[in-house]
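Asks: Contents of upload_36.pdb (PDB, C-alpha atoms) are below:
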ATOM      1  CA  MET A 283     100.231 109.466 104.359
ATOM      2  CA  LYS A 284     102.122 106.200 104.542
ATOM      3  CA  VAL A 285     100.617 103.075 106.117
ATOM      4  CA  VAL A 286     102.405  99.786 106.830
ATOM      5  CA  GLU A 287     100.829  96.434 107.728
ATOM      6  CA  TRP A 288     103.253  93.733 108.884
ATOM      7  CA  ASN A 289     103.528  90.526 110.862
ATOM      8  CA  MET A 290     106.859  91.239 112.604
ATOM      9  CA  ARG A 291     107.409  87.593 113.633
ATOM     10  CA  TYR A 292     107.604  87.540 117.420
ATOM     11  CA  ARG A 293     111.018  85.860 117.540
ATOM     12  CA  SER A 294     112.604  88.876 115.827
ATOM     13  CA  ALA A 295     110.101  91.610 116.751
ATOM     14  CA  GLN A 296     112.510  93.449 119.051
ATOM     15  CA  THR A 297     115.177  93.743 116.374
ATOM     16  CA  ASN A 298     112.532  94.749 113.807
ATOM     17  CA  TRP A 299     111.166  97.747 115.717
ATOM     18  CA  PRO A 300     114.032 100.104 114.657
ATOM     19  CA  LYS A 301     112.789  99.835 111.054
ATOM     20  CA  PHE A 302     109.914 102.104 112.143
ATOM     21  CA  LYS A 303     112.042 104.818 113.743
ATOM     22  CA  GLU A 304     112.373 108.156 111.952
ATOM     23  CA  GLY A 305     114.547 107.552 108.903
ATOM     24  CA  GLY A 306     114.039 103.771 109.074
ATOM     25  CA  GLU A 307     113.067 101.737 106.026
ATOM     26  CA  LEU A 308     109.497 101.277 107.327
ATOM     27  CA  ALA A 309     109.026 104.717 108.920
ATOM     28  CA  CYS A 310     105.381 105.644 108.398
ATOM     29  CA  ASP A 311     102.386 107.518 109.766
ATOM     30  CA  ILE A 312     100.422 104.420 110.811
ATOM     31  CA  ALA A 313     101.715 100.887 111.403
ATOM     32  CA  LEU A 314      99.333  97.944 111.889
ATOM     33  CA  LEU A 315     101.459  95.200 113.405
ATOM     34  CA  ASN A 316     101.054  91.536 114.311
ATOM     35  CA  GLU A 317     103.131  89.288 116.586
ATOM     36  CA  ALA A 318     104.568  92.433 118.158
ATOM     37  CA  THR A 319     106.447  92.613 121.435
ATOM     38  CA  ARG A 320     106.654  95.899 123.319
ATOM     39  CA  PRO A 321     109.458  98.135 121.971
ATOM     40  CA  THR A 322     112.029  99.977 124.035
ATOM     41  CA  GLU A 323     111.157 103.504 125.187
ATOM     42  CA  ASP A 324     113.588 105.151 122.751
ATOM     43  CA  ILE A 325     111.601 103.995 119.700
ATOM     44  CA  GLY A 326     110.169 107.511 119.267
ATOM     45  CA  LEU A 327     106.636 106.276 118.531
ATOM     46  CA  HIS A 328     103.278 106.071 120.228
ATOM     47  CA  VAL A 329     102.529 102.344 120.540
ATOM     48  CA  GLU A 330      99.318 100.747 121.753
ATOM     49  CA  MET A 331      99.273  97.004 122.420
ATOM     50  CA  GLU A 332      98.667  94.355 125.053
ATOM     51  CA  ALA A 333     101.568  92.489 126.632
ATOM     52  CA  ALA A 334     100.233  89.118 125.469
ATOM     53  CA  THR A 335      97.500  87.445 123.430
ATOM     54  CA  VAL A 336      95.029  85.296 125.327
ATOM     55  CA  GLY A 337      93.368  82.805 123.006
ATOM     56  CA  ARG A 338      90.764  80.157 123.717
ATOM     57  CA  ASP A 339      93.655  77.664 123.905
ATOM     58  CA  ASP A 340      95.588  79.737 126.482
ATOM     59  CA  VAL A 341      96.684  78.293 129.830
ATOM     60  CA  SER A 342      94.231  80.690 131.495
ATOM     61  CA  HIS A 343      91.470  78.655 129.841
ATOM     62  CA  GLY A 344      92.961  75.258 130.568
ATOM     63  CA  GLY A 345      94.942  74.982 127.337
ATOM     64  CA  LYS A 346      98.690  74.836 126.697
ATOM     65  CA  LYS A 347      99.346  77.875 124.521
ATOM     66  CA  VAL A 348     101.073  81.031 125.766
ATOM     67  CA  ARG A 349     101.613  83.953 123.397
ATOM     68  CA  GLU A 350     103.852  86.719 124.706
ATOM     69  CA  TRP A 351     103.058  88.958 121.735
ATOM     70  CA  ALA A 352     100.047  90.835 120.419
ATOM     71  CA  THR A 353      98.617  93.098 117.756
ATOM     72  CA  ALA A 354      99.787  96.713 117.870
ATOM     73  CA  VAL A 355      99.067 100.125 116.402
ATOM     74  CA  ALA A 356     102.102 102.412 116.212
ATOM     75  CA  SER A 357     102.471 105.989 114.983
ATOM     76  CA  PRO A 358     104.584 109.103 115.474
ATOM     77  CA  HIS A 359     101.219 110.866 115.921
ATOM     78  CA  GLU A 360      98.950 110.880 118.963
ATOM     79  CA  LEU A 361      96.814 107.791 119.598
ATOM     80  CA  GLN A 362      93.483 107.730 121.421
ATOM     81  CA  PRO A 363      91.026 104.890 122.065
ATOM     82  CA  PRO A 364      87.650 105.098 120.352
ATOM     83  CA  GLU A 365      85.258 106.185 123.086
ATOM     84  CA  ASP A 366      81.738 105.154 124.012
ATOM     85  CA  VAL A 367      81.261 102.638 121.199
ATOM     86  CA  TRP A 368      78.257 100.332 121.605
ATOM     87  CA  ALA A 369      76.269  98.012 119.355
ATOM     88  CA  LEU A 370      73.097 100.023 120.034
ATOM     89  CA  SER A 371      72.808 103.796 119.762
ATOM     90  CA  PRO A 372      72.200 106.086 122.782
ATOM     91  CA  MET A 373      68.453 106.198 121.962
ATOM     92  CA  HIS A 374      68.226 102.632 123.324
ATOM     93  CA  LYS A 375      68.108 102.250 127.098
ATOM     94  CA  ASP A 376      69.732  98.809 126.875
ATOM     95  CA  ARG A 377      73.050  99.535 125.102
ATOM     96  CA  ARG A 378      74.451  96.041 124.582
ATOM     97  CA  SER A 379      77.880  94.897 123.367
ATOM     98  CA  MET A 380      80.315  97.625 124.294
ATOM     99  CA  LEU A 381      83.454  97.554 122.131
ATOM    100  CA  SER A 382      85.825  95.021 123.693
ATOM    101  CA  ALA A 383      88.072  92.147 122.607
ATOM    102  CA  SER A 384      86.782  88.657 123.319
ATOM    103  CA  ARG A 385      90.427  87.484 123.186
ATOM    104  CA  LEU A 386      92.905  89.984 124.579
ATOM    105  CA  GLY A 387      95.576  90.963 122.059
ATOM    106  CA  SER A 388      93.852  89.559 118.962
ATOM    107  CA  TRP A 389      93.036  93.084 117.757
ATOM    108  CA  THR A 390      93.935  96.650 118.660
ATOM    109  CA  ALA A 391      91.994  99.760 117.658
ATOM    110  CA  ARG A 392      93.136 103.363 118.040
ATOM    111  CA  VAL A 393      92.288 106.758 116.557
ATOM    112  CA  VAL A 394      95.337 108.447 115.023
ATOM    113  CA  SER A 395      95.273 112.252 115.210
ATOM    114  CA  LEU A 396      97.218 113.679 112.280
ATOM    115  CA  PRO A 397      98.745 117.143 112.563
ATOM    116  CA  ASP A 398      96.534 118.427 109.727
ATOM    117  CA  GLY A 399      93.501 117.814 111.962
ATOM    118  CA  GLU A 400      92.168 114.637 110.358
ATOM    119  CA  LYS A 401      91.590 111.550 112.455
ATOM    120  CA  VAL A 402      92.003 107.993 111.144
ATOM    121  CA  THR A 403      90.667 104.910 112.909
ATOM    122  CA  ALA A 404      93.399 102.254 112.734
ATOM    123  CA  ILE A 405      92.717  98.595 113.521
ATOM    124  CA  SER A 406      95.322  95.845 113.637
ATOM    125  CA  ILE A 407      93.811  92.354 113.552
ATOM    126  CA  TYR A 408      95.352  88.884 113.745
ATOM    127  CA  GLY A 409      93.823  85.588 112.591
ATOM    128  CA  LEU A 410      94.526  83.857 115.874
ATOM    129  CA  LEU A 411      94.966  80.090 115.517
ATOM    130  CA  ASP A 412      93.267  79.256 118.793
ATOM    131  CA  GLU A 413      90.497  77.670 116.707
ATOM    132  CA  ARG A 414      89.810  77.362 112.977
ATOM    133  CA  SER A 415      91.291  80.478 111.416
ATOM    134  CA  ASP A 416      88.066  81.590 109.731
ATOM    135  CA  ALA A 417      86.190  81.244 113.030
ATOM    136  CA  SER A 418      88.891  83.233 114.785
ATOM    137  CA  VAL A 419      88.690  86.179 112.385
ATOM    138  CA  HIS A 420      84.888  86.104 112.405
ATOM    139  CA  ARG A 421      84.977  86.296 116.223
ATOM    140  CA  SER A 422      87.162  89.408 116.084
ATOM    141  CA  LEU A 423      85.057  90.986 113.331
ATOM    142  CA  SER A 424      82.006  90.475 115.531
ATOM    143  CA  ASP A 425      83.843  92.254 118.360
ATOM    144  CA  LEU A 426      84.601  95.142 115.999
ATOM    145  CA  THR A 427      81.164  95.474 114.395
ATOM    146  CA  PRO A 428      80.083  98.380 116.656
ATOM    147  CA  LEU A 429      83.182 100.310 115.553
ATOM    148  CA  PHE A 430      82.662  99.564 111.852
ATOM    149  CA  GLU A 431      79.118 100.905 112.156
ATOM    150  CA  ASP A 432      79.883 104.000 114.280
ATOM    151  CA  THR A 433      79.723 107.064 112.023
ATOM    152  CA  ARG A 434      82.117 108.969 114.304
ATOM    153  CA  TYR A 435      84.895 106.516 113.426
ATOM    154  CA  ASN A 436      84.121 104.690 110.188
ATOM    155  CA  GLU A 437      84.575 107.413 107.541
ATOM    156  CA  LEU A 438      88.387 107.266 107.627
ATOM    157  CA  LEU A 439      89.158 103.719 108.767
ATOM    158  CA  LEU A 440      91.965 101.210 108.175
ATOM    159  CA  LEU A 441      91.905  97.488 108.966
ATOM    160  CA  GLY A 442      94.972  95.325 108.415
ATOM    161  CA  GLY A 443      96.697  92.200 109.559
ATOM    162  CA  ASP A 444      97.693  88.606 109.073
ATOM    163  CA  LEU A 445      94.342  86.835 108.774
ATOM    164  CA  ASN A 446      95.853  83.343 108.369
ATOM    165  CA  THR A 447      93.469  83.048 105.427
ATOM    166  CA  LEU A 448      95.159  81.707 102.299
ATOM    167  CA  ALA A 449      92.036  81.401 100.101
ATOM    168  CA  THR A 450      93.870  78.950  97.825
ATOM    169  CA  ALA A 451      91.647  75.880  98.193
ATOM    170  CA  GLU A 452      90.033  74.356  95.109
ATOM    171  CA  ALA A 453      87.472  76.546  93.367
ATOM    172  CA  GLY A 454      83.963  75.560  94.403
ATOM    173  CA  SER A 455      85.139  73.830  97.583
ATOM    174  CA  ARG A 456      83.760  74.449 101.047
ATOM    175  CA  ALA A 457      87.256  75.269 102.273
ATOM    176  CA  LEU A 458      87.559  78.120  99.784
ATOM    177  CA  ALA A 459      84.041  79.312 100.581
ATOM    178  CA  ARG A 460      84.952  79.557 104.267
ATOM    179  CA  ASP A 461      88.167  81.493 103.610
ATOM    180  CA  GLN A 462      86.490  83.712 101.036
ATOM    181  CA  GLY A 463      83.628  84.241 103.476
ATOM    182  CA  VAL A 464      85.988  86.045 105.839
ATOM    183  CA  LEU A 465      87.122  88.401 103.074
ATOM    184  CA  ASP A 466      83.582  88.876 101.775
ATOM    185  CA  ARG A 467      82.368  89.830 105.246
ATOM    186  CA  ILE A 468      84.987  92.592 105.383
ATOM    187  CA  VAL A 469      84.408  93.862 101.840
ATOM    188  CA  GLU A 470      80.713  93.168 101.253
ATOM    189  CA  GLY A 471      79.467  93.157 104.847
ATOM    190  CA  PHE A 472      81.377  96.152 106.200
ATOM    191  CA  GLY A 473      82.009  97.938 102.912
ATOM    192  CA  LEU A 474      85.803  98.123 103.164
ATOM    193  CA  VAL A 475      88.122  98.108 100.153
ATOM    194  CA  ASP A 476      91.046  95.706  99.668
ATOM    195  CA  LEU A 477      93.857  98.154  98.832
ATOM    196  CA  LEU A 478      96.169  95.577  97.267
ATOM    197  CA  GLN A 479      93.398  94.452  94.949
ATOM    198  CA  GLN A 480      92.459  98.042  94.110
ATOM    199  CA  THR A 481      96.036  98.717  93.001
ATOM    200  CA  LEU A 482      96.042  95.562  90.863
ATOM    201  CA  ARG A 483      92.701  96.387  89.252
ATOM    202  CA  GLU A 484      93.932  99.865  88.331
ATOM    203  CA  ALA A 485      97.273  98.630  86.950
ATOM    204  CA  ASP A 486      97.966  99.394  83.308
ATOM    205  CA  PRO A 487      98.942  97.008  81.856
ATOM    206  CA  PRO A 488      97.233  94.434  84.103
ATOM    207  CA  ARG A 489      99.549  92.217  86.106
ATOM    208  CA  GLY A 490      97.587  89.066  85.409
ATOM    209  CA  ARG A 491      97.722  85.941  87.557
ATOM    210  CA  LEU A 492     100.304  85.925  90.382
ATOM    211  CA  ALA A 493     103.155  83.768  89.075
ATOM    212  CA  GLY A 494     103.236  80.430  90.877
ATOM    213  CA  CYS A 495     100.052  81.056  92.869
ATOM    214  CA  THR A 496      98.463  77.799  94.060
ATOM    215  CA  CYS A 497      94.896  79.083  93.881
ATOM    216  CA  SER A 498      92.485  77.788  91.240
ATOM    217  CA  LEU A 499      91.038  81.172  90.266
ATOM    218  CA  GLY A 500      92.845  81.274  86.943
ATOM    219  CA  SER A 501      92.918  84.701  85.309
ATOM    220  CA  GLU A 502      90.742  86.050  88.135
ATOM    221  CA  CYS A 503      93.633  85.650  90.604
ATOM    222  CA  LEU A 504      94.356  88.891  92.477
ATOM    223  CA  HIS A 505      96.617  87.454  95.157
ATOM    224  CA  THR A 506      99.847  89.117  96.299
ATOM    225  CA  TRP A 507     102.783  87.251  97.833
ATOM    226  CA  THR A 508     103.066  88.227 101.532
ATOM    227  CA  PHE A 509     103.959  84.947 103.321
ATOM    228  CA  ARG A 510     106.490  82.176 102.798
ATOM    229  CA  LYS A 511     106.579  78.954 104.779
ATOM    230  CA  SER A 512     110.379  78.861 104.838
ATOM    231  CA  LYS A 513     113.251  81.021 103.610
ATOM    232  CA  ALA A 514     113.874  78.558 100.799
ATOM    233  CA  SER A 515     110.230  78.507  99.672
ATOM    234  CA  THR A 516     109.262  80.141  96.393
ATOM    235  CA  VAL A 517     105.548  79.316  96.654
ATOM    236  CA  PRO A 518     103.648  82.613  96.925
ATOM    237  CA  TYR A 519     100.996  82.703  99.633
ATOM    238  CA  GLN A 520      98.916  85.659 100.775
ATOM    239  CA  ASP A 521      98.075  85.783 104.466
ATOM    240  CA  ASP A 522      98.166  89.553 104.937
ATOM    241  CA  TYR A 523      95.635  92.187 103.951
ATOM    242  CA  LEU A 524      95.082  95.926 104.200
ATOM    243  CA  PHE A 525      91.554  97.321 103.907
ATOM    244  CA  ALA A 526      90.244 100.883 104.004
ATOM    245  CA  SER A 527      86.940 102.682 104.113
ATOM    246  CA  PRO A 528      85.770 103.971 100.705
ATOM    247  CA  ALA A 529      86.699 107.566 101.605
ATOM    248  CA  LEU A 530      90.274 106.499 102.309
ATOM    249  CA  ALA A 531      90.456 104.126  99.349
ATOM    250  CA  ALA A 532      89.507 107.050  97.090
ATOM    251  CA  ARG A 533      92.775 108.709  98.163
ATOM    252  CA  LEU A 534      94.935 105.674  97.401
ATOM    253  CA  ASP A 535      98.061 106.346  95.389
ATOM    254  CA  GLU A 536      99.502 102.818  95.566
ATOM    255  CA  CYS A 537      99.466  99.717  97.740
ATOM    256  CA  VAL A 538     102.140  97.030  97.310
ATOM    257  CA  ALA A 539     103.803  94.245  99.246
ATOM    258  CA  LEU A 540     107.572  94.476  99.547
ATOM    259  CA  GLU A 541     109.603  91.663  98.016
ATOM    260  CA  PHE A 542     111.219  88.912 100.050
ATOM    261  CA  THR A 543     115.004  88.959 100.348
ATOM    262  CA  PRO A 544     117.123  85.981 101.448
ATOM    263  CA  ASP A 545     117.784  87.530 104.865
ATOM    264  CA  TRP A 546     114.372  89.126 105.470
ATOM    265  CA  PRO A 547     113.731  88.806 109.262
ATOM    266  CA  SER A 548     110.139  87.569 109.103
ATOM    267  CA  ASP A 549     108.106  84.972 107.263
ATOM    268  CA  HIS A 550     105.873  87.865 106.154
ATOM    269  CA  VAL A 551     106.677  90.986 104.152
ATOM    270  CA  PRO A 552     105.068  94.374 104.850
ATOM    271  CA  ILE A 553     102.183  95.793 102.873
ATOM    272  CA  VAL A 554     102.865  99.480 102.230
ATOM    273  CA  ALA A 555     100.188 101.954 101.123
ATOM    274  CA  THR A 556     100.490 105.627 100.295
ATOM    275  CA  LEU A 557      97.420 107.839 100.366
ATOM    276  CA  LYS A 558      97.001 111.324  98.924
ATOM    277  CA  GLY A 559      95.317 114.363 100.411
ATOM    278  CA  PHE A 560      97.001 114.243 103.807
ATOM    279  CA  ASN A 561      99.622 116.553 105.260
ATOM    280  CA  PRO A 562     100.777 114.589 108.327
ATOM    281  CA  LYS A 563     104.014 116.601 108.726
ATOM    282  CA  GLN A 564     102.223 119.951 108.969
TER
END
Represent the structure from my file as structure tokens, please.

Replies:
Amino acid sequence: MKVVEWNMRYRSAQTNWPKFKEGGELACDIALLNEATRPTEDIGLHVEMEAATVGRDDVSHGGKKVREWATAVASPHELQPPEDVWALSPMHKDRRSMLSASRLGSWTARVVSLPDGEKVTAISIYGLLDERSDASVHRSLSDLTPLFEDTRYNELLLLGGDLNTLATAEAGSRALARDQGVLDRIVEGFGLVDLLQQTLREADPPRGRLAGCTCSLGSECLHTWTFRKSKASTVPYQDDYLFASPALAARLDECVALEFTPDWPSDHVPIVATLKGFNPKQ
């Protein structure tokens, strides 16, 4: 099974969609996309997304920001919404916090039905800059907590997106602690596995520190270059992540970020993971 996470960059999203068509360079079984605009009907994929993202700074809340793009889950396989997901189990009469997005378009969750009968919960999440980025991701993670804890959906689960979390502040600083807190909540709090880091930890020989990384983690650096601030920039930043439940991570073959090219049509490159033990073309 092939999985792609990518911030498409909304200005070029329409021209980027064909990369996911059958035979395209990013054709895959599951795509977790950010800054997506709705594709044309001939794309040949099932796509679930909102038409826009409504942040706390949106005009509908008295702000000035309008975002005519959103997170998306796309697949050649059937997509279904997770059903009847609540924070409290059915044994409780007061079933609070039904699964819903506090900010429309900031995350999308769908269950992908593979032809071999397995079902994978796929979540695309975006670190919306309608407030401090760590607060924004925490808000979405709180929305998603009932899904992370639902045993019907959490065994085979993917979470990916542009978190707008660089985690490059000075070691020991509060800024780094806040960024790292987002990642720790996903890994330690919800038990998901960072697939890029798993690939790096299993590399033989070890890659070592990311060349040119601005973090202060020294030899402990496990960052991967996924974002550049301009086409001329050579400073490697990581904004994008792909996480999986332990059962999926155990099937990981490899997870890498593609390399930037001079004419790459986004300020982000895709993260591409391949997982063993699936037969999606059955």

Asks: For Arg421 (chain A), which of A:Lys558, A:Arg385, A:Arg320, A:Lys301 is the closest residue, counting only C-alpha atoms?

Replies: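 Comparing A:Lys558, A:Arg385, A:Arg320, A:Lys301 against Arg421 (chain A), the winner is A:Arg385.
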
Asks: Quick one: residues within 12 Å of Ala417 (chain A), all atoms listed in the file counted, chain neighbours fewer than 2 positions away excluded, as a VMD selection string?

Replies: chain A and resid 338 408 to 415 419 to 424 445 to 447 460 to 461 463 to 464

Asks: From the set A:Pro321, A:Asp311, A:Ser406, A:Met290, which residue has the shortest atom-to-atom contact distance to Leu557 (chain A), counting all atoms listed in the file?

Replies: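 Of all the options, A:Asp311 lies closest to Leu557 (chain A).
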
Asks: Given the choices A:Cys497, A:Lys401, A:Val517, A:His550, which gets closest to Tyr292 (chain A) if the distance is worked out from all atoms listed in the file?

Replies: A:His550

Asks: Sorted by chain and rising residue number, which residues of region 391-500 of chain A lie within 9 Å of region 528-548 of chain A, and what are their closest atom pairs and distances in Å to one decimal, counting only C-alpha atoms, as a Markdown table?

Replies:
| residue | atom | partner | partner_atom | distance |
| --- | --- | --- | --- | --- |
| A:Glu437 | CA | A:Ala529 | CA | 6.3 |
| A:Leu438 | CA | A:Leu530 | CA | 5.7 |
| A:Leu439 | CA | A:Leu530 | CA | 7.1 |
| A:Leu440 | CA | A:Leu530 | CA | 8.1 |
| A:Gly473 | CA | A:Pro528 | CA | 7.4 |
| A:Leu474 | CA | A:Pro528 | CA | 6.3 |
| A:Val475 | CA | A:Pro528 | CA | 6.3 |
| A:Asp476 | CA | A:Ala531 | CA | 8.4 |
| A:Leu477 | CA | A:Cys537 | CA | 5.9 |
| A:Leu478 | CA | A:Cys537 | CA | 5.3 |
| A:Gln479 | CA | A:Cys537 | CA | 8.5 |
| A:Gln480 | CA | A:Cys537 | CA | 8.1 |
| A:Thr481 | CA | A:Cys537 | CA | 5.9 |
| A:Leu482 | CA | A:Cys537 | CA | 8.7 |

Asks: Convert the current residue selection to file output with C-alpha atoms, as a PDB file, in the frame of the given file.

Replies:
ATOM      1  CA  GLU A 437      84.575 107.413 107.541  1.00  0.00           C
ATOM      2  CA  LEU A 438      88.387 107.266 107.627  1.00  0.00           C
ATOM      3  CA  LEU A 439      89.158 103.719 108.767  1.00  0.00           C
ATOM      4  CA  LEU A 440      91.965 101.210 108.175  1.00  0.00           C
ATOM      5  CA  GLY A 473      82.009  97.938 102.912  1.00  0.00           C
ATOM      6  CA  LEU A 474      85.803  98.123 103.164  1.00  0.00           C
ATOM      7  CA  VAL A 475      88.122  98.108 100.153  1.00  0.00           C
ATOM      8  CA  ASP A 476      91.046  95.706  99.668  1.00  0.00           C
ATOM      9  CA  LEU A 477      93.857  98.154  98.832  1.00  0.00           C
ATOM     10  CA  LEU A 478      96.169  95.577  97.267  1.00  0.00           C
ATOM     11  CA  GLN A 479      93.398  94.452  94.949  1.00  0.00           C
ATOM     12  CA  GLN A 480      92.459  98.042  94.110  1.00  0.00           C
ATOM     13  CA  THR A 481      96.036  98.717  93.001  1.00  0.00           C
ATOM     14  CA  LEU A 482      96.042  95.562  90.863  1.00  0.00           C
TER      15      LEU A 482
END

Asks: Just checking: using all atoms listed in the file, which residue out of A:Gly494, A:Pro552, A:Gly344, A:Gly471 ends up closest to Val285 (chain A)?

Replies: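 Checking each candidate against Val285 (chain A), we get A:Pro552 as the closest.
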
Asks: Step by step: start from the point (107.6, 105.1, 107.7) in the file's coordinates, keep every protein, DNA or RNA residue that has an atom no farther than 12 Å from it, count all atoms listed in the file, and write the set as a PyMOL selection string.

Replies: chain A and resi 283-287+299-314+327+356-359+552-556+562

Asks: Rounded to one decimal, what separation in Å do you get between CA of Gly454 (chain A) and CA of Ser527 (chain A)?

Replies: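 Atom-to-atom, CA of Gly454 (chain A) to CA of Ser527 (chain A), that is 29.0 Å.
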
Asks: Which of these, A:Ala493, A:Leu381, A:Ala485, A:Leu429, has the shortest distance to Thr403 (chain A) once you count only C-alpha atoms?

Replies: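 Between A:Ala493, A:Leu381, A:Ala485, A:Leu429, the residue approaching Thr403 (chain A) most closely is A:Leu429.
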
Asks: Extract, using only C-alpha atoms, all DNA, RNA and protein residues at most 8 Å from region 387-399 of chain A, discarding same-chain residues fewer than 6 positions from it, and format them as an NGL selection string.

Replies: :A and (312 or 330-337 or 351-355 or 357 or 359-364 or 405-410 or 422 or 560-564)

Asks: Give the answer as one residue: which of A:Lys346, A:Cys495, A:Gln462, A:Phe430 has the shortest atom-to-atom distance to Thr516 (chain A), using all atoms listed in the file?

Replies: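 Closest to Thr516 (chain A), using all atoms listed in the file: A:Cys495.
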
Asks: Could you tell me how far CA of Ala457 (chain A) lies from CA of Phe525 (chain A), in Å and to one decimal?

Replies: 22.5 Å

Asks: Find the residues around Ser379 (chain A) up to 8 Å (all atoms listed in the file counted), leave out those fewer than 2 positions away in its own chain, and share them as a PyMOL selection string.

Replies: chain A and resi 368-370+377+381-382+428

Asks: Please indicate the distance in Å from CA of Asp444 (chain A) to CA of Glu365 (chain A), rounded to one decimal place.

Replies: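 One can read the CA of Asp444 (chain A) to CA of Glu365 (chain A) distance as 25.7 Å.
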
Asks: Near Leu448 (chain A), counting all atoms listed in the file, which residues have an atom at most 7 Å away, once you skip same-chain residues fewer than 6 positions from it, shown as a list of chain:residue names?

Replies: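 With the cut-off at 7 Å, the set is A:Tyr519, A:Gln520, A:Asp521.
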
Asks: Starting from the incomplete input, reconstruct N, CA and C atoms of region 390-403 of chain A and report them as a PDB file, keeping the file's coordinate frame.

Replies:
ATOM      1  N   THR A 390      93.704  95.376 117.986  1.00  0.00           N
ATOM      2  CA  THR A 390      93.935  96.650 118.660  1.00  0.00           C
ATOM      3  C   THR A 390      93.360  97.754 117.792  1.00  0.00           C
ATOM      4  N   ALA A 391      92.600  98.651 118.387  1.00  0.00           N
ATOM      5  CA  ALA A 391      91.994  99.760 117.658  1.00  0.00           C
ATOM      6  C   ALA A 391      92.351 101.086 118.329  1.00  0.00           C
ATOM      7  N   ARG A 392      92.816 102.033 117.524  1.00  0.00           N
ATOM      8  CA  ARG A 392      93.136 103.363 118.040  1.00  0.00           C
ATOM      9  C   ARG A 392      92.793 104.416 116.983  1.00  0.00           C
ATOM     10  N   VAL A 393      92.528 105.622 117.435  1.00  0.00           N
ATOM     11  CA  VAL A 393      92.288 106.758 116.557  1.00  0.00           C
ATOM     12  C   VAL A 393      93.580 107.561 116.475  1.00  0.00           C
ATOM     13  N   VAL A 394      94.093 107.723 115.261  1.00  0.00           N
ATOM     14  CA  VAL A 394      95.337 108.447 115.023  1.00  0.00           C
ATOM     15  C   VAL A 394      94.998 109.888 114.670  1.00  0.00           C
ATOM     16  N   SER A 395      95.513 110.833 115.454  1.00  0.00           N
ATOM     17  CA  SER A 395      95.273 112.252 115.210  1.00  0.00           C
ATOM     18  C   SER A 395      96.429 112.825 114.408  1.00  0.00           C
ATOM     19  N   LEU A 396      96.184 113.130 113.139  1.00  0.00           N
ATOM     20  CA  LEU A 396      97.218 113.679 112.280  1.00  0.00           C
ATOM     21  C   LEU A 396      97.355 115.185 112.512  1.00  0.00           C
ATOM     22  N   PRO A 397      98.534 115.717 112.325  1.00  0.00           N
ATOM     23  CA  PRO A 397      98.745 117.143 112.563  1.00  0.00           C
ATOM     24  C   PRO A 397      97.876 118.058 111.709  1.00  0.00           C
ATOM     25  N   ASP A 398      97.380 117.573 110.558  1.00  0.00           N
ATOM     26  CA  ASP A 398      96.534 118.427 109.727  1.00  0.00           C
ATOM     27  C   ASP A 398      95.089 118.453 110.216  1.00  0.00           C
ATOM     28  N   GLY A 399      94.822 117.780 111.353  1.00  0.00           N
ATOM     29  CA  GLY A 399      93.501 117.814 111.962  1.00  0.00           C
ATOM     30  C   GLY A 399      92.629 116.613 111.659  1.00  0.00           C
ATOM     31  N   GLU A 400      92.980 115.807 110.670  1.00  0.00           N
ATOM     32  CA  GLU A 400      92.168 114.637 110.358  1.00  0.00           C
ATOM     33  C   GLU A 400      92.460 113.504 111.325  1.00  0.00           C
ATOM     34  N   LYS A 401      91.467 112.689 111.555  1.00  0.00           N
ATOM     35  CA  LYS A 401      91.590 111.550 112.455  1.00  0.00           C
ATOM     36  C   LYS A 401      91.278 110.274 111.693  1.00  0.00           C
ATOM     37  N   VAL A 402      92.152 109.274 111.837  1.00  0.00           N
ATOM     38  CA  VAL A 402      92.003 107.993 111.144  1.00  0.00           C
ATOM     39  C   VAL A 402      91.865 106.882 112.175  1.00  0.00           C
ATOM     40  N   THR A 403      90.834 106.085 112.046  1.00  0.00           N
ATOM     41  CA  THR A 403      90.667 104.910 112.909  1.00  0.00           C
ATOM     42  C   THR A 403      91.525 103.780 112.355  1.00  0.00           C
TER      43      THR A 403
END
